[in-house]
file start.txt (compact mmCIF, N, CA and C atoms)
# COMPACT_ATOMS: atom_id res chain seq x y z
N MET A 1 82.72 171.10 96.49
CA MET A 1 82.73 171.59 97.85
C MET A 1 81.36 171.32 98.49
N GLU A 2 81.38 170.79 99.70
CA GLU A 2 80.15 170.50 100.42
C GLU A 2 79.48 171.80 100.87
N TYR A 3 78.19 171.71 101.12
CA TYR A 3 77.41 172.87 101.56
C TYR A 3 77.99 173.47 102.84
N ALA A 4 78.31 172.64 103.83
CA ALA A 4 78.85 173.14 105.10
C ALA A 4 80.19 173.85 104.89
N ASP A 5 81.03 173.31 104.00
CA ASP A 5 82.31 173.94 103.70
C ASP A 5 82.11 175.29 103.02
N LEU A 6 81.13 175.37 102.14
CA LEU A 6 80.82 176.61 101.46
C LEU A 6 80.35 177.67 102.46
N ILE A 7 79.45 177.29 103.36
CA ILE A 7 78.98 178.20 104.40
C ILE A 7 80.16 178.67 105.25
N HIS A 8 81.03 177.74 105.62
CA HIS A 8 82.22 178.06 106.42
C HIS A 8 83.05 179.13 105.73
N GLU A 9 83.32 178.97 104.45
CA GLU A 9 84.16 179.93 103.72
C GLU A 9 83.47 181.28 103.54
N ILE A 10 82.17 181.27 103.32
CA ILE A 10 81.43 182.54 103.18
C ILE A 10 81.48 183.31 104.50
N ILE A 11 81.22 182.64 105.61
CA ILE A 11 81.24 183.30 106.92
C ILE A 11 82.64 183.79 107.23
N LEU A 12 83.65 183.01 106.93
CA LEU A 12 85.03 183.42 107.16
C LEU A 12 85.34 184.71 106.39
N GLY A 13 84.90 184.80 105.15
CA GLY A 13 85.10 186.01 104.35
C GLY A 13 84.38 187.21 104.92
N GLN A 14 83.13 187.02 105.34
CA GLN A 14 82.35 188.12 105.91
C GLN A 14 82.97 188.61 107.22
N VAL A 15 83.38 187.68 108.06
CA VAL A 15 83.99 188.05 109.34
C VAL A 15 85.30 188.79 109.11
N THR A 16 86.08 188.34 108.13
CA THR A 16 87.34 189.02 107.80
C THR A 16 87.07 190.47 107.44
N ARG A 17 86.09 190.70 106.58
CA ARG A 17 85.77 192.08 106.19
C ARG A 17 85.30 192.91 107.38
N LYS A 18 84.48 192.32 108.22
CA LYS A 18 83.93 193.04 109.37
C LYS A 18 85.02 193.38 110.40
N LEU A 19 85.92 192.45 110.64
CA LEU A 19 86.95 192.67 111.66
C LEU A 19 88.15 193.47 111.16
N SER A 20 88.23 193.72 109.87
CA SER A 20 89.39 194.44 109.33
C SER A 20 89.49 195.87 109.85
N ARG A 21 88.42 196.40 110.40
CA ARG A 21 88.47 197.74 111.01
C ARG A 21 89.16 197.69 112.38
N THR A 22 88.96 196.60 113.10
CA THR A 22 89.49 196.46 114.45
C THR A 22 90.89 195.88 114.47
N TYR A 23 91.12 194.87 113.64
CA TYR A 23 92.41 194.18 113.61
C TYR A 23 93.10 194.45 112.28
N LYS A 24 94.35 194.87 112.35
CA LYS A 24 95.11 195.19 111.12
C LYS A 24 95.77 193.96 110.53
N GLU A 25 95.97 192.94 111.34
CA GLU A 25 96.59 191.70 110.86
C GLU A 25 95.61 190.55 111.06
N ILE A 26 95.04 190.10 109.96
CA ILE A 26 94.10 188.98 109.99
C ILE A 26 94.67 187.88 109.11
N ARG A 27 95.04 186.80 109.75
CA ARG A 27 95.60 185.67 109.02
C ARG A 27 94.61 184.52 109.07
N THR A 28 94.35 183.92 107.91
CA THR A 28 93.26 182.97 107.78
C THR A 28 93.72 181.60 107.26
N ASN A 29 93.15 180.56 107.83
CA ASN A 29 93.28 179.20 107.31
C ASN A 29 91.91 178.81 106.75
N THR A 30 91.85 178.58 105.46
CA THR A 30 90.60 178.09 104.90
C THR A 30 90.47 176.61 105.21
N LYS A 31 89.30 176.03 104.98
CA LYS A 31 89.02 174.63 105.33
C LYS A 31 90.08 173.69 104.75
N GLY A 32 90.68 172.89 105.60
CA GLY A 32 91.67 171.91 105.17
C GLY A 32 93.05 172.47 104.89
N GLU A 33 93.24 173.74 105.15
CA GLU A 33 94.51 174.40 104.86
C GLU A 33 95.25 174.67 106.17
N LYS A 34 96.57 174.55 106.15
CA LYS A 34 97.36 174.80 107.35
C LYS A 34 98.48 175.78 107.01
N ARG A 35 98.11 177.03 106.78
CA ARG A 35 99.10 178.06 106.48
C ARG A 35 99.49 178.86 107.71
N VAL A 36 98.52 179.15 108.56
CA VAL A 36 98.74 180.01 109.71
C VAL A 36 98.71 179.17 110.98
N GLU A 37 99.83 179.15 111.69
CA GLU A 37 99.96 178.34 112.89
C GLU A 37 100.09 179.26 114.10
N TYR A 38 99.50 178.85 115.20
CA TYR A 38 99.69 179.56 116.46
C TYR A 38 99.91 178.51 117.55
N GLU A 39 101.13 178.45 118.06
CA GLU A 39 101.51 177.52 119.13
C GLU A 39 101.11 176.08 118.85
N GLY A 40 101.31 175.64 117.63
CA GLY A 40 101.02 174.26 117.25
C GLY A 40 99.60 174.00 116.81
N PHE A 41 98.76 175.02 116.81
CA PHE A 41 97.36 174.90 116.38
C PHE A 41 97.14 175.70 115.10
N TYR A 42 96.12 175.31 114.37
CA TYR A 42 95.76 175.98 113.11
C TYR A 42 94.31 176.45 113.16
N PRO A 43 94.05 177.55 113.89
CA PRO A 43 92.68 178.06 113.96
C PRO A 43 92.25 178.64 112.62
N ASP A 44 90.95 178.84 112.47
CA ASP A 44 90.46 179.44 111.22
C ASP A 44 91.03 180.83 111.01
N MET A 45 91.23 181.57 112.10
CA MET A 45 91.71 182.93 111.98
C MET A 45 92.55 183.33 113.19
N VAL A 46 93.65 184.02 112.93
CA VAL A 46 94.45 184.61 114.00
C VAL A 46 94.37 186.12 113.79
N LEU A 47 93.91 186.82 114.83
CA LEU A 47 93.69 188.27 114.76
C LEU A 47 94.76 188.99 115.56
N GLY A 48 95.32 190.05 114.98
CA GLY A 48 96.35 190.77 115.70
C GLY A 48 96.53 192.20 115.24
N ASN A 49 97.38 192.90 115.96
CA ASN A 49 97.79 194.26 115.64
C ASN A 49 99.25 194.43 116.00
N HIS A 50 99.99 195.16 115.20
CA HIS A 50 101.38 195.51 115.48
C HIS A 50 102.25 194.29 115.77
N GLY A 51 102.04 193.21 115.02
CA GLY A 51 102.85 192.01 115.16
C GLY A 51 102.52 191.13 116.35
N MET A 52 101.47 191.47 117.07
CA MET A 52 101.11 190.71 118.25
C MET A 52 99.74 190.05 118.06
N ALA A 53 99.66 188.74 118.27
CA ALA A 53 98.38 188.02 118.17
C ALA A 53 97.53 188.37 119.37
N LEU A 54 96.26 188.70 119.12
CA LEU A 54 95.35 189.10 120.19
C LEU A 54 94.19 188.14 120.39
N ALA A 55 93.77 187.48 119.31
CA ALA A 55 92.60 186.60 119.41
C ALA A 55 92.66 185.51 118.36
N LEU A 56 91.97 184.42 118.65
CA LEU A 56 91.79 183.32 117.71
C LEU A 56 90.30 183.23 117.42
N LEU A 57 89.96 182.88 116.19
CA LEU A 57 88.56 182.77 115.81
C LEU A 57 88.34 181.45 115.09
N GLU A 58 87.26 180.79 115.46
CA GLU A 58 86.84 179.55 114.80
C GLU A 58 85.43 179.74 114.26
N VAL A 59 85.22 179.37 113.01
CA VAL A 59 83.90 179.39 112.41
C VAL A 59 83.37 177.96 112.43
N GLU A 60 82.19 177.78 112.98
CA GLU A 60 81.58 176.46 113.05
C GLU A 60 80.26 176.44 112.29
N THR A 61 79.93 175.27 111.77
CA THR A 61 78.62 175.05 111.16
C THR A 61 77.86 174.09 112.06
N ALA A 62 76.59 173.91 111.81
CA ALA A 62 75.79 173.00 112.64
C ALA A 62 76.40 171.60 112.63
N ASP A 63 76.98 171.19 111.50
CA ASP A 63 77.57 169.85 111.38
C ASP A 63 78.88 169.71 112.15
N SER A 64 79.61 170.80 112.33
CA SER A 64 80.93 170.70 112.96
C SER A 64 80.91 170.82 114.48
N ILE A 65 79.77 171.18 115.05
CA ILE A 65 79.68 171.34 116.50
C ILE A 65 79.49 169.97 117.15
N SER A 66 80.45 169.62 118.01
CA SER A 66 80.40 168.31 118.66
C SER A 66 81.21 168.36 119.96
N ASP A 67 81.13 167.30 120.72
CA ASP A 67 81.90 167.19 121.94
C ASP A 67 83.40 167.18 121.63
N LYS A 68 83.76 166.50 120.56
CA LYS A 68 85.17 166.46 120.14
C LYS A 68 85.66 167.86 119.76
N GLN A 69 84.82 168.61 119.06
CA GLN A 69 85.19 169.97 118.67
C GLN A 69 85.31 170.86 119.90
N ALA A 70 84.47 170.62 120.90
CA ALA A 70 84.55 171.38 122.15
C ALA A 70 85.89 171.15 122.85
N ASP A 71 86.41 169.94 122.75
CA ASP A 71 87.74 169.67 123.30
C ASP A 71 88.80 170.48 122.57
N HIS A 72 88.64 170.64 121.26
CA HIS A 72 89.55 171.47 120.46
C HIS A 72 89.46 172.93 120.92
N TRP A 73 88.23 173.41 121.15
CA TRP A 73 88.05 174.79 121.63
C TRP A 73 88.72 174.97 122.99
N LYS A 74 88.63 173.96 123.83
CA LYS A 74 89.25 174.05 125.16
C LYS A 74 90.77 174.20 125.02
N SER A 75 91.36 173.45 124.09
CA SER A 75 92.79 173.58 123.85
C SER A 75 93.14 174.99 123.37
N LEU A 76 92.34 175.52 122.44
CA LEU A 76 92.59 176.87 121.93
C LEU A 76 92.40 177.93 123.01
N SER A 77 91.40 177.75 123.86
CA SER A 77 91.12 178.75 124.89
C SER A 77 92.21 178.77 125.96
N GLY A 78 92.99 177.71 126.06
CA GLY A 78 94.07 177.65 127.03
C GLY A 78 95.37 178.27 126.56
N LEU A 79 95.38 178.86 125.37
CA LEU A 79 96.61 179.43 124.82
C LEU A 79 96.87 180.86 125.28
N GLY A 80 95.94 181.44 126.04
CA GLY A 80 96.16 182.78 126.57
C GLY A 80 95.60 183.91 125.72
N LEU A 81 95.02 183.59 124.59
CA LEU A 81 94.38 184.60 123.74
C LEU A 81 92.87 184.49 123.85
N LYS A 82 92.20 185.54 123.48
CA LYS A 82 90.74 185.52 123.41
C LYS A 82 90.34 184.53 122.32
N LEU A 83 89.35 183.69 122.59
CA LEU A 83 88.82 182.77 121.58
C LEU A 83 87.41 183.21 121.23
N VAL A 84 87.17 183.40 119.95
CA VAL A 84 85.86 183.79 119.45
C VAL A 84 85.32 182.64 118.60
N LEU A 85 84.10 182.21 118.90
CA LEU A 85 83.43 181.19 118.10
C LEU A 85 82.32 181.86 117.30
N MET A 86 82.30 181.65 116.00
CA MET A 86 81.20 182.09 115.15
C MET A 86 80.37 180.85 114.87
N ILE A 87 79.13 180.87 115.34
CA ILE A 87 78.27 179.69 115.24
C ILE A 87 76.93 180.06 114.63
N PRO A 88 76.20 179.08 114.08
CA PRO A 88 74.85 179.37 113.60
C PRO A 88 73.97 179.83 114.77
N LYS A 89 73.13 180.80 114.50
CA LYS A 89 72.29 181.39 115.54
C LYS A 89 71.44 180.35 116.26
N ASP A 90 70.94 179.36 115.52
CA ASP A 90 70.07 178.35 116.15
C ASP A 90 70.84 177.31 116.96
N GLN A 91 72.17 177.40 117.00
CA GLN A 91 72.99 176.46 117.76
C GLN A 91 73.55 177.07 119.05
N LYS A 92 73.14 178.30 119.36
CA LYS A 92 73.73 179.01 120.50
C LYS A 92 73.50 178.28 121.83
N VAL A 93 72.31 177.76 122.06
CA VAL A 93 72.02 177.05 123.32
C VAL A 93 72.89 175.79 123.41
N ARG A 94 72.97 175.06 122.32
CA ARG A 94 73.78 173.83 122.30
C ARG A 94 75.25 174.12 122.60
N VAL A 95 75.79 175.16 121.95
CA VAL A 95 77.20 175.52 122.14
C VAL A 95 77.42 176.04 123.56
N THR A 96 76.51 176.85 124.06
CA THR A 96 76.63 177.35 125.43
C THR A 96 76.66 176.19 126.43
N ASP A 97 75.81 175.21 126.23
CA ASP A 97 75.81 174.02 127.10
C ASP A 97 77.15 173.28 127.03
N LEU A 98 77.67 173.13 125.82
CA LEU A 98 78.98 172.47 125.65
C LEU A 98 80.08 173.25 126.37
N LEU A 99 80.06 174.56 126.24
CA LEU A 99 81.09 175.39 126.88
C LEU A 99 81.01 175.30 128.40
N TRP A 100 79.79 175.31 128.95
CA TRP A 100 79.63 175.17 130.40
C TRP A 100 80.12 173.80 130.86
N SER A 101 79.77 172.76 130.11
CA SER A 101 80.14 171.40 130.53
C SER A 101 81.66 171.18 130.49
N LYS A 102 82.34 171.92 129.61
CA LYS A 102 83.80 171.81 129.51
C LYS A 102 84.52 172.82 130.41
N GLY A 103 83.75 173.65 131.12
CA GLY A 103 84.34 174.61 132.06
C GLY A 103 85.08 175.76 131.40
N MET A 104 84.60 176.20 130.25
CA MET A 104 85.32 177.28 129.57
C MET A 104 84.42 178.41 129.08
N MET A 105 83.24 178.51 129.64
CA MET A 105 82.31 179.55 129.21
C MET A 105 82.90 180.95 129.41
N ASP A 106 83.71 181.12 130.45
CA ASP A 106 84.28 182.43 130.74
C ASP A 106 85.47 182.77 129.84
N LYS A 107 85.96 181.82 129.07
CA LYS A 107 87.15 182.04 128.23
C LYS A 107 86.81 182.22 126.76
N VAL A 108 85.54 182.10 126.40
CA VAL A 108 85.14 182.09 125.00
C VAL A 108 84.07 183.13 124.74
N SER A 109 84.21 183.86 123.64
CA SER A 109 83.16 184.77 123.18
C SER A 109 82.42 184.11 122.03
N ILE A 110 81.11 184.32 122.00
CA ILE A 110 80.29 183.69 120.96
C ILE A 110 79.70 184.76 120.05
N GLY A 111 79.91 184.57 118.76
CA GLY A 111 79.25 185.38 117.75
C GLY A 111 78.34 184.45 116.96
N THR A 112 77.23 184.97 116.46
CA THR A 112 76.32 184.12 115.71
C THR A 112 76.11 184.66 114.31
N TYR A 113 75.67 183.76 113.45
CA TYR A 113 75.31 184.14 112.09
C TYR A 113 74.08 183.36 111.68
N GLU A 114 73.37 183.91 110.73
CA GLU A 114 72.26 183.19 110.11
C GLU A 114 72.18 183.64 108.66
N ILE A 115 71.73 182.73 107.84
CA ILE A 115 71.56 183.04 106.42
C ILE A 115 70.08 183.19 106.19
N SER A 116 69.72 184.32 105.66
CA SER A 116 68.30 184.64 105.48
C SER A 116 68.02 184.96 104.02
N VAL A 117 67.02 184.31 103.47
CA VAL A 117 66.57 184.59 102.12
C VAL A 117 65.17 185.15 102.22
N GLN A 118 64.97 186.34 101.70
CA GLN A 118 63.67 186.97 101.76
C GLN A 118 63.14 187.15 100.35
N MET A 119 61.95 186.68 100.14
CA MET A 119 61.31 186.77 98.83
C MET A 119 60.26 187.87 98.86
N PRO A 120 60.02 188.51 97.72
CA PRO A 120 59.00 189.56 97.68
C PRO A 120 57.60 188.98 97.79

call {"tool": "encode", "arguments": {"input": "start.txt", "output": "structure tokens"}}
result
Amino acid sequence: MEYADLIHEIILGQVTRKLSRTYKEIRTNTKGEKRVEYEGFYPDMVLGNHGMALALLEVETADSISDKQADHWKSLSGLGLKLVLMIPKDQKVRVTDLLWSKGMMDKVSIGTYEISVQMP
């Protein structure tokens, strides 16, 4: 497994645990897997309650953020659900610029993560 894929899976697991208080139904697609579909798309996570999908979540790494990926986000944001992007903290300006350029800044929520190692 590549480093970026490993980071993706770790963040997906952490987000799942964190959101389990808010959403009772969390369905996840791990990297390269297509188990959970929403209207023809396979987001990293579909969040819902009481049988109703409420939000889609995508976890991105620095390597996966691109203009092509922004087009994918635009497609997801047009499905009528809240779209949440989890991105590396140091990529927030880049992603914000991409969202503005694609005209979807108002349709997407951004969450950030960073991996910190502290030595004594």

call {"tool": "closest_residue", "arguments": {"input": "start.txt", "among": "A:Glu9, A:Gly78, A:Ala70, A:Tyr113", "to": "Leu99 (chain A)", "atoms": "all atoms listed in the file"}}
result
A:Ala70

call {"tool": "atom_distance", "arguments": {"input": "start.txt", "atom1": "CA of Gln14 (chain A)", "atom2": "atom C of Met45 (chain A)"}}
result
13.4 Å

call {"tool": "closest_residue", "arguments": {"input": "start.txt", "among": "A:Asn29, A:Gly103, A:Lys92, A:Ala55", "to": "Pro43 (chain A)", "atoms": "all atoms listed in the file"}}
result
A:Asn29

call {"tool": "closest_residue", "arguments": {"input": "start.txt", "among": "A:Leu79, A:Leu12, A:Leu85, A:Leu6", "to": "Leu57 (chain A)", "atoms": "only N, CA and C atoms"}}
result
A:Leu85

call {"tool": "closest_residue", "arguments": {"input": "start.txt", "among": "A:Leu98, A:Ile115, A:Met52, A:Val108", "to": "Lys68 (chain A)", "atoms": "only C-alpha atoms"}}
result
A:Leu98

call {"tool": "select_by_dssp", "arguments": {"input": "start.txt", "residues": "region 1-69 of chain A", "states": "strand (DSSP E)", "output": "VMD selection string"}}
result
chain A and resid 25 to 28 45 to 49 52 to 59

call {"tool": "residues_around", "arguments": {"input": "start.txt", "residues": "Val84 (chain A)", "least_positions_apart": "5", "cutoff": "7 Å", "atoms": "all atoms listed in the file", "output": "list in words"}}
result
Ala55, Leu56, Leu57, Glu58, Val59, Lys107, Val108, Ser109, Ile110 and Gly111 of chain A

call {"tool": "residues_near_point", "arguments": {"input": "start.txt", "point": "(86.5, 178.2, 102.7)", "cutoff": "10 Å", "atoms": "only C-alpha atoms", "output": "compact mmCIF listing (two decimals) with N, CA and C atoms, in the frame of the given file"}}
result
# COMPACT_ATOMS: atom_id res chain seq x y z
N MET A 1 82.72 171.10 96.49
CA MET A 1 82.73 171.59 97.85
C MET A 1 81.36 171.32 98.49
N ALA A 4 78.31 172.64 103.83
CA ALA A 4 78.85 173.14 105.10
C ALA A 4 80.19 173.85 104.89
N ASP A 5 81.03 173.31 104.00
CA ASP A 5 82.31 173.94 103.70
C ASP A 5 82.11 175.29 103.02
N LEU A 6 81.13 175.37 102.14
CA LEU A 6 80.82 176.61 101.46
C LEU A 6 80.35 177.67 102.46
N ILE A 7 79.45 177.29 103.36
CA ILE A 7 78.98 178.20 104.40
C ILE A 7 80.16 178.67 105.25
N HIS A 8 81.03 177.74 105.62
CA HIS A 8 82.22 178.06 106.42
C HIS A 8 83.05 179.13 105.73
N GLU A 9 83.32 178.97 104.45
CA GLU A 9 84.16 179.93 103.72
C GLU A 9 83.47 181.28 103.54
N ILE A 10 82.17 181.27 103.32
CA ILE A 10 81.43 182.54 103.18
C ILE A 10 81.48 183.31 104.50
N ILE A 11 81.22 182.64 105.61
CA ILE A 11 81.24 183.30 106.92
C ILE A 11 82.64 183.79 107.23
N LEU A 12 83.65 183.01 106.93
CA LEU A 12 85.03 183.42 107.16
C LEU A 12 85.34 184.71 106.39
N GLY A 13 84.90 184.80 105.15
CA GLY A 13 85.10 186.01 104.35
C GLY A 13 84.38 187.21 104.92
N THR A 28 94.35 183.92 107.91
CA THR A 28 93.26 182.97 107.78
C THR A 28 93.72 181.60 107.26
N ASN A 29 93.15 180.56 107.83
CA ASN A 29 93.28 179.20 107.31
C ASN A 29 91.91 178.81 106.75
N THR A 30 91.85 178.58 105.46
CA THR A 30 90.60 178.09 104.90
C THR A 30 90.47 176.61 105.21
N LYS A 31 89.30 176.03 104.98
CA LYS A 31 89.02 174.63 105.33
C LYS A 31 90.08 173.69 104.75
N GLY A 32 90.68 172.89 105.60
CA GLY A 32 91.67 171.91 105.17
C GLY A 32 93.05 172.47 104.89
N GLU A 33 93.24 173.74 105.15
CA GLU A 33 94.51 174.40 104.86
C GLU A 33 95.25 174.67 106.17
N ASP A 44 90.95 178.84 112.47
CA ASP A 44 90.46 179.44 111.22
C ASP A 44 91.03 180.83 111.01

call {"tool": "select_by_dssp", "arguments": {"input": "start.txt", "residues": "chain A", "states": "helix (DSSP H, G or I)", "output": "number ranges by chain"}}
result
A: 3-19, 67-77, 89-101, 105-107

call {"tool": "write_last_selection", "arguments": {"input": "start.txt", "atoms": "N, CA and C atoms", "output": "short mmCIF file (atom, residue, chain, number, x, y, z; two decimals), in the frame of the given file"}}
result
data_model
loop_
_atom_site.label_atom_id
_atom_site.label_comp_id
_atom_site.auth_asym_id
_atom_site.auth_seq_id
_atom_site.Cartn_x
_atom_site.Cartn_y
_atom_site.Cartn_z
N TYR A 3 78.19 171.71 101.12
CA TYR A 3 77.41 172.87 101.56
C TYR A 3 77.99 173.47 102.84
N ALA A 4 78.31 172.64 103.83
CA ALA A 4 78.85 173.14 105.10
C ALA A 4 80.19 173.85 104.89
N ASP A 5 81.03 173.31 104.00
CA ASP A 5 82.31 173.94 103.70
C ASP A 5 82.11 175.29 103.02
N LEU A 6 81.13 175.37 102.14
CA LEU A 6 80.82 176.61 101.46
C LEU A 6 80.35 177.67 102.46
N ILE A 7 79.45 177.29 103.36
CA ILE A 7 78.98 178.20 104.40
C ILE A 7 80.16 178.67 105.25
N HIS A 8 81.03 177.74 105.62
CA HIS A 8 82.22 178.06 106.42
C HIS A 8 83.05 179.13 105.73
N GLU A 9 83.32 178.97 104.45
CA GLU A 9 84.16 179.93 103.72
C GLU A 9 83.47 181.28 103.54
N ILE A 10 82.17 181.27 103.32
CA ILE A 10 81.43 182.54 103.18
C ILE A 10 81.48 183.31 104.50
N ILE A 11 81.22 182.64 105.61
CA ILE A 11 81.24 183.30 106.92
C ILE A 11 82.64 183.79 107.23
N LEU A 12 83.65 183.01 106.93
CA LEU A 12 85.03 183.42 107.16
C LEU A 12 85.34 184.71 106.39
N GLY A 13 84.90 184.80 105.15
CA GLY A 13 85.10 186.01 104.35
C GLY A 13 84.38 187.21 104.92
N GLN A 14 83.13 187.02 105.34
CA GLN A 14 82.35 188.12 105.91
C GLN A 14 82.97 188.61 107.22
N VAL A 15 83.38 187.68 108.06
CA VAL A 15 83.99 188.05 109.34
C VAL A 15 85.30 188.79 109.11
N THR A 16 86.08 188.34 108.13
CA THR A 16 87.34 189.02 107.80
C THR A 16 87.07 190.47 107.44
N ARG A 17 86.09 190.70 106.58
CA ARG A 17 85.77 192.08 106.19
C ARG A 17 85.30 192.91 107.38
N LYS A 18 84.48 192.32 108.22
CA LYS A 18 83.93 193.04 109.37
C LYS A 18 85.02 193.38 110.40
N LEU A 19 85.92 192.45 110.64
CA LEU A 19 86.95 192.67 111.66
C LEU A 19 88.15 193.47 111.16
N ASP A 67 81.13 167.30 120.72
CA ASP A 67 81.90 167.19 121.94
C ASP A 67 83.40 167.18 121.63
N LYS A 68 83.76 166.50 120.56
CA LYS A 68 85.17 166.46 120.14
C LYS A 68 85.66 167.86 119.76
N GLN A 69 84.82 168.61 119.06
CA GLN A 69 85.19 169.97 118.67
C GLN A 69 85.31 170.86 119.90
N ALA A 70 84.47 170.62 120.90
CA ALA A 70 84.55 171.38 122.15
C ALA A 70 85.89 171.15 122.85
N ASP A 71 86.41 169.94 122.75
CA ASP A 71 87.74 169.67 123.30
C ASP A 71 88.80 170.48 122.57
N HIS A 72 88.64 170.64 121.26
CA HIS A 72 89.55 171.47 120.46
C HIS A 72 89.46 172.93 120.92
N TRP A 73 88.23 173.41 121.15
CA TRP A 73 88.05 174.79 121.63
C TRP A 73 88.72 174.97 122.99
N LYS A 74 88.63 173.96 123.83
CA LYS A 74 89.25 174.05 125.16
C LYS A 74 90.77 174.20 125.02
N SER A 75 91.36 173.45 124.09
CA SER A 75 92.79 173.58 123.85
C SER A 75 93.14 174.99 123.37
N LEU A 76 92.34 175.52 122.44
CA LEU A 76 92.59 176.87 121.93
C LEU A 76 92.40 177.93 123.01
N SER A 77 91.40 177.75 123.86
CA SER A 77 91.12 178.75 124.89
C SER A 77 92.21 178.77 125.96
N LYS A 89 73.13 180.80 114.50
CA LYS A 89 72.29 181.39 115.54
C LYS A 89 71.44 180.35 116.26
N ASP A 90 70.94 179.36 115.52
CA ASP A 90 70.07 178.35 116.15
C ASP A 90 70.84 177.31 116.96
N GLN A 91 72.17 177.40 117.00
CA GLN A 91 72.99 176.46 117.76
C GLN A 91 73.55 177.07 119.05
N LYS A 92 73.14 178.30 119.36
CA LYS A 92 73.73 179.01 120.50
C LYS A 92 73.50 178.28 121.83
N VAL A 93 72.31 177.76 122.06
CA VAL A 93 72.02 177.05 123.32
C VAL A 93 72.89 175.79 123.41
N ARG A 94 72.97 175.06 122.32
CA ARG A 94 73.78 173.83 122.30
C ARG A 94 75.25 174.12 122.60
N VAL A 95 75.79 175.16 121.95
CA VAL A 95 77.20 175.52 122.14
C VAL A 95 77.42 176.04 123.56
N THR A 96 76.51 176.85 124.06
CA THR A 96 76.63 177.35 125.43
C THR A 96 76.66 176.19 126.43
N ASP A 97 75.81 175.21 126.23
CA ASP A 97 75.81 174.02 127.10
C ASP A 97 77.15 173.28 127.03
N LEU A 98 77.67 173.13 125.82
CA LEU A 98 78.98 172.47 125.65
C LEU A 98 80.08 173.25 126.37
N LEU A 99 80.06 174.56 126.24
CA LEU A 99 81.09 175.39 126.88
C LEU A 99 81.01 175.30 128.40
N TRP A 100 79.79 175.31 128.95
CA TRP A 100 79.63 175.17 130.40
C TRP A 100 80.12 173.80 130.86
N SER A 101 79.77 172.76 130.11
CA SER A 101 80.14 171.40 130.53
C SER A 101 81.66 171.18 130.49
N MET A 105 83.24 178.51 129.64
CA MET A 105 82.31 179.55 129.21
C MET A 105 82.90 180.95 129.41
N ASP A 106 83.71 181.12 130.45
CA ASP A 106 84.28 182.43 130.74
C ASP A 106 85.47 182.77 129.84
N LYS A 107 85.96 181.82 129.07
CA LYS A 107 87.15 182.04 128.23
C LYS A 107 86.81 182.22 126.76
#

call {"tool": "atom_distance", "arguments": {"input": "start.txt", "atom1": "CA of Met105 (chain A)", "atom2": "CA of Ile26 (chain A)"}}
result
24.4 Å

call {"tool": "atom_distance", "arguments": {"input": "start.txt", "atom1": "CA of Phe41 (chain A)", "atom2": "CA of Ser75 (chain A)"}}
result
8.9 Å

call {"tool": "residues_around", "arguments": {"input": "start.txt", "residues": "Ala62 (chain A)", "least_positions_apart": "3", "cutoff": "7 Å", "atoms": "only C-alpha atoms", "output": "ChimeraX atom specification"}}
result
/A:65,88,91

call {"tool": "residues_near_point", "arguments": {"input": "start.txt", "point": "(93.9, 194.4, 113.0)", "cutoff": "12 Å", "atoms": "only C-alpha atoms", "output": "list in words"}}
result
Thr16, Arg17, Lys18, Leu19, Ser20, Arg21, Thr22, Tyr23, Lys24, Glu25, Ile26, Arg27, Met45, Val46, Leu47, Gly48, Asn49, His50, Gly51, Met52, Ala53, Leu54 and Ala55 of chain A

call {"tool": "closest_residue", "arguments": {"input": "start.txt", "among": "A:Ile87, A:Ser77, A:Asp67, A:Pro120", "to": "Met104 (chain A)", "atoms": "only C-alpha atoms"}}
result
A:Ser77

call {"tool": "closest_residue", "arguments": {"input": "start.txt", "among": "A:Glu2, A:Glu60, A:Asp71, A:Glu37", "to": "Lys89 (chain A)", "atoms": "only C-alpha atoms"}}
result
A:Glu60

call {"tool": "decode", "arguments": {"input": "start.txt", "residues": "region 50-59 of chain A", "atoms": "N, CA and C atoms", "output": "PDB file, in the first residue's frame"}}
result
ATOM      1  N   HIS A  50     -31.665   7.504   9.773  1.00  0.00           N
ATOM      2  CA  HIS A  50     -33.026   7.016   9.533  1.00  0.00           C
ATOM      3  C   HIS A  50     -33.282   6.656   8.070  1.00  0.00           C
ATOM      4  N   GLY A  51     -32.303   6.044   7.420  1.00  0.00           N
ATOM      5  CA  GLY A  51     -32.459   5.591   6.043  1.00  0.00           C
ATOM      6  C   GLY A  51     -32.344   6.678   4.985  1.00  0.00           C
ATOM      7  N   MET A  52     -32.001   7.881   5.408  1.00  0.00           N
ATOM      8  CA  MET A  52     -31.915   8.987   4.465  1.00  0.00           C
ATOM      9  C   MET A  52     -30.478   9.501   4.388  1.00  0.00           C
ATOM     10  N   ALA A  53     -29.930   9.590   3.178  1.00  0.00           N
ATOM     11  CA  ALA A  53     -28.571  10.120   2.985  1.00  0.00           C
ATOM     12  C   ALA A  53     -28.607  11.627   3.191  1.00  0.00           C
ATOM     13  N   LEU A  54     -27.660  12.133   3.977  1.00  0.00           N
ATOM     14  CA  LEU A  54     -27.611  13.563   4.290  1.00  0.00           C
ATOM     15  C   LEU A  54     -26.373  14.262   3.754  1.00  0.00           C
ATOM     16  N   ALA A  55     -25.269  13.521   3.645  1.00  0.00           N
ATOM     17  CA  ALA A  55     -24.016  14.151   3.217  1.00  0.00           C
ATOM     18  C   ALA A  55     -23.104  13.133   2.562  1.00  0.00           C
ATOM     19  N   LEU A  56     -22.223  13.641   1.726  1.00  0.00           N
ATOM     20  CA  LEU A  56     -21.166  12.840   1.108  1.00  0.00           C
ATOM     21  C   LEU A  56     -19.840  13.392   1.603  1.00  0.00           C
ATOM     22  N   LEU A  57     -18.874  12.520   1.794  1.00  0.00           N
ATOM     23  CA  LEU A  57     -17.571  12.952   2.279  1.00  0.00           C
ATOM     24  C   LEU A  57     -16.485  12.341   1.412  1.00  0.00           C
ATOM     25  N   GLU A  58     -15.518  13.161   1.058  1.00  0.00           N
ATOM     26  CA  GLU A  58     -14.349  12.712   0.298  1.00  0.00           C
ATOM     27  C   GLU A  58     -13.098  13.045   1.096  1.00  0.00           C
ATOM     28  N   VAL A  59     -12.210  12.082   1.242  1.00  0.00           N
ATOM     29  CA  VAL A  59     -10.921  12.299   1.880  1.00  0.00           C
ATOM     30  C   VAL A  59      -9.887  12.453   0.774  1.00  0.00           C
TER      31      VAL A  59
END
